[in-house]
Amino acid sequence: MLKPQSGILNLNPNENPSPKKQQRSRQAASMAWLIRPLRRTLFSPSLRTPLLHQHLNSTSFSNSRNYISDMRKSAFQDNILRLLRKEIQYEHDHCPPKQPTTRFNSFTVDDRSGEQWIRLKRKFGEKEDITIDVTMFDGSVPVPDSGQVQSDEQLHITFIVNISKGDDSDVLEIVCSAWPNTIDIQKFYVRGCNRTANHPYTGPEFKELDEQLQDSLYEFLEERSINDELAIFLHEYMKNKDKTEFIRWLQTVKSHIEKK
């Protein structure tokens, strides 16, 4: 049995407590001895500290993780910008693009800045309006060199010639290929000025036509300055446009990344 401390429960030392009071006092003293250590344990700072530290550590870790993430993002963007600036400077230092020409023979040239095609226009005679829509390089074929393993490539350009005679007339449409120094006719057909038919009949493949008819159609285009000289011009023009558009693309990407 635990002994109660003197003077704790007996508030009046001169009073002679009854046996029942003495029993209750001993029970209260015993409970006090048991509760005191438990209170010291429950409310001890040593127990509160780990929970507090755990919360602080969790917050600190989260902030640290966000800080590292921001640092990585900033470093990643800085590296991209550095490479973009380096590439732009390289393109300007090594064979920079030229100012695009606005004329070829009797044709005016619309560069269509920022787009993948250009347009040439001219009048022929009193009635004909000629429009040529030209893609950038859209294909290539290998050209093997004799005695060598490696081969060069011939780049390919598609262009479409539209010849009309007034606003309400049908349109003669000619689909052509431009190789580095020659042109090939692929399709030759007439369509309505309003393009009403979804799937118009475009005739046979050009090479299936009679050879004399093929020759006469090449002469028809030659008369209108649509010839091998045009193919050479288009390849030179598109080499320059390809470089110009590439630099423009690099600058656009750089500006987007730099924007806060």
# chains A, B, ... in the order shown; residues from 1 in each chain; ligands from 1
call {"tool": "residues_around", "arguments": {"residues": "region 215-224 of chain A", "least_positions_apart": "3", "cutoff": "12 Å", "atoms": "only C-alpha atoms", "output": "ChimeraX atom specification"}}
result
/A:105-107,121-125,128-132,161-163,172-176,182-189,206-207,209-212,227-231
call {"tool": "residues_around", "arguments": {"residues": "Gly139 (chain A)", "least_positions_apart": "2", "cutoff": "10 Å", "atoms": "only C-alpha atoms", "output": "ChimeraX atom specification"}}
result
/A:136-137,141,153-158
call {"tool": "closest_residue", "arguments": {"among": "A:His92, A:His199, A:Lys98, A:Lys254", "to": "Asn79 (chain A)", "atoms": "only C-alpha atoms"}}
result
A:Lys254
call {"tool": "residues_around", "arguments": {"residues": "Glu126 (chain A)", "least_positions_apart": "5", "cutoff": "12 Å", "atoms": "only C-alpha atoms", "output": "list in words"}}
result
Ser164, Lys165 and Gly166 of chain A
call {"tool": "write_last_selection", "arguments": {"atoms": "N, CA and C atoms", "output": "compact mmCIF listing (two decimals), in the first residue's frame"}}
result
# COMPACT_ATOMS: atom_id res chain seq x y z
N SER A 164 -7.48 30.86 -116.22
CA SER A 164 -8.89 31.21 -116.41
C SER A 164 -9.01 32.34 -117.43
N LYS A 165 -10.21 32.51 -118.00
CA LYS A 165 -10.48 33.56 -118.98
C LYS A 165 -11.72 34.33 -118.55
N GLY A 166 -11.54 35.13 -117.51
CA GLY A 166 -12.67 35.88 -116.98
C GLY A 166 -13.20 35.24 -115.71
call {"tool": "residues_around", "arguments": {"residues": "Ser113 (chain A)", "least_positions_apart": "6", "cutoff": "10 Å", "atoms": "only C-alpha atoms", "output": "number ranges by chain"}}
result
A: 241, 244-245, 248
